[in-house]
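Trainee: Submitted below is the structure of interest, expressed as structure tokens.
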Amino acid sequence: MSGTPGGGTVAPRFAPVEAAFREVVEGHPGTGASLAVRHDGEWVVDLWGGWADAARTRPWQRDTLVMPYSVTKPFAAVCVLLLVDRGLVALDEPVATYWPELRAATTVRELLAHRSGLVLLDEPLPEEALYDWDRLCASLAAQEPAWEPGTAAGESALFYGHLLGEVVRRVDGRPLGRFLAEEVCGPLDLDFHVGLADAELARVAELTGFGDELRSVGEGRPPLYARAVGNPPGLLDPAVVNSERWRRAEIPAVNGHGTARAVAGFHVALGRGTLLSDAVRRELVTGVEDEDLVIGGPTTWGLGVALDPDGFGMGGLGGSFGWWSEVGGYAIAFLTGHVGDHDRGDRLEGALREVLGLPPL
């Protein structure tokens, strides 16, 4: 691999996917990546490669964790959906039933489906607010929605996890990171975490690539975008997102840390119906295409996942993604330390679909 470290396993039939992955990683000027695919009940691809630090002193390992930005959002959504399954939360109940201080007249379903209008804060807040759960939730509770809830869609890019996490905390008593660990990731043996402990911190890869390409992600976006991701500041600052303080915090819209195998395994559990009841899973994958007023472009939001005719999942700022293909019967996850566009993930999934004899996406 031209001196680029890497490892993993791949079924012989899927060798073209490995070749594509190795080329992608070798092209990274910064940190590396991991890729996992589960198909027909087997891990047919489980690969990692490159470096875990910008100085290139730590090779990426099987258990290297990385932050995949919005790939975290479905993990947060499932915590609420499990409470729905248990009869503790109702989808069409006002969120204020569980969180009385919340001013916005929105329902749990609208919150999950990015239709609440709670996408930005008018009150300017410092970076410090990102690490103060109660302060940020108090600001969200007082915020007027950017549109009448239920009438439009727009990704709650930075606050989705706080909005859902506060519902979990009010109903269950546990913070979202602990609920996720004890009710989802622990039982399913998924190496994915919101709020890292000492044991995980040493395994985290640095995020690299915060150059002109990433800074330009807001170009051509709707006017709401900059306000939705920039207050409090820090989301696109490598000094912030690579800090220990950020990694230890719970910012569950974006700062989960995990492996590609964990993200793919999570989507297998959603896709195969082993995590949620059939009724709640049907709700998960029901959505209406609408113009996203924050991200831009037509999007079909389910309850915590993006939908398309092939399946469902979520991409993250910087190029990471996790997906379940209903058509192909596979789960795929690509988690990258070197942030950039989604062309790399498209290329890898394209190689997989070619092997499986599926049409390109």
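Residue numbering restarts at 1 for every chain of the structure tokens, chains are lettered A, B, ... in their displayed order, and ligands are numbered from 1 as they appear.
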Env of Glu326 in chain A: 9 Å cut, atoms = only C-alpha atoms, seq-sep filter 6 positions within chain, self excluded. Answer as a list in words.
Mentor: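 Here the answer would be Gly271, Pro309, Asp310, Gly311 and Phe312 of chain A.
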Trainee: Save the residues we just selected, N, CA and C atoms, as a PDB file, in the first residue's frame?
Mentor:
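That gives us part-v9.pdb:
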ATOM      1  N   GLY A 271     -32.285  -2.041   9.706  1.00  0.00           N
ATOM      2  CA  GLY A 271     -32.779  -2.609   8.463  1.00  0.00           C
ATOM      3  C   GLY A 271     -33.469  -3.943   8.649  1.00  0.00           C
ATOM      4  N   PRO A 309     -35.258   5.949  -2.691  1.00  0.00           N
ATOM      5  CA  PRO A 309     -35.880   4.706  -3.155  1.00  0.00           C
ATOM      6  C   PRO A 309     -35.070   3.446  -2.852  1.00  0.00           C
ATOM      7  N   ASP A 310     -33.762   3.594  -2.562  1.00  0.00           N
ATOM      8  CA  ASP A 310     -32.927   2.431  -2.295  1.00  0.00           C
ATOM      9  C   ASP A 310     -32.977   2.009  -0.834  1.00  0.00           C
ATOM     10  N   GLY A 311     -33.115   2.985   0.087  1.00  0.00           N
ATOM     11  CA  GLY A 311     -33.077   2.635   1.498  1.00  0.00           C
ATOM     12  C   GLY A 311     -33.030   3.869   2.369  1.00  0.00           C
ATOM     13  N   PHE A 312     -32.232   3.800   3.446  1.00  0.00           N
ATOM     14  CA  PHE A 312     -32.194   4.918   4.382  1.00  0.00           C
ATOM     15  C   PHE A 312     -30.855   4.956   5.106  1.00  0.00           C
TER      16      PHE A 312
END
Trainee: Could you give me, as CSV, every range 98-170 of chain A residue with an atom at most 12 Å from range 56-69 of chain A, plus its closest atom pair and distance in Å to one decimal, counting only C-alpha atoms, rows ordered by chain then number?
Mentor:
residue,atom,partner,partner_atom,distance
A:Ala157,CA,A:Tyr69,CA,9.4
A:Leu158,CA,A:Tyr69,CA,9.6
A:Tyr160,CA,A:Tyr69,CA,11.9
A:Gly161,CA,A:Tyr69,CA,11.5
Trainee: Name all residues at most 6 Å from range 244-260 of chain A (count only C-alpha atoms; drop same-chain ones fewer than 2 positions away) and give them as a ChimeraX atom specification.
Mentor: /A:34-36,65-67,69-70,72-73,131,158,160-161,191-196,241,262-263,333-335
Trainee: Neighbouring residues of Gly287 in chain A were defined as those with any atom within 6 Å, considering only C-alpha atoms; residues of the same chain fewer than 6 positions away were excluded. Please report them as a PyMOL selection string.
Mentor: chain A and resi 300-302
Trainee: Could you give me the residues within range 87-197 of chain A that DSSP places in strand (DSSP E or B), as a PyMOL selection string?
Mentor: chain A and resi 94+107+153+192-194
Trainee: May I have a table of the residues of range 157-231 of chain A lying at most 9 Å from range 133-139 of chain A, giving each one's closest pair of atoms and their distance in Å to one decimal, counting only C-alpha atoms, ordered by chain and ascending residue number, as CSV?
Mentor:
residue,atom,partner,partner_atom,distance
A:Phe159,CA,A:Leu136,CA,8.8
A:His162,CA,A:Cys137,CA,6.6
A:Leu163,CA,A:Cys137,CA,7.3
A:Glu166,CA,A:Cys137,CA,7.4
Trainee: Neighbours of Gly150 in chain A within 10 Å (only C-alpha atoms; same-chain residues fewer than 5 positions away dropped), as a list in words?
Mentor: Ala105, Thr106, Thr107, Arg109, Glu110, Leu111, Ala113, His114, Arg115, Ser116 and Gly117 of chain A
Trainee: Provide the CA of Leu275 in chain A to CA of Val44 in chain A distance in Å, to one decimal place.
Mentor: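 Separation between CA of Leu275 in chain A and CA of Val44 in chain A: 21.8 Å.
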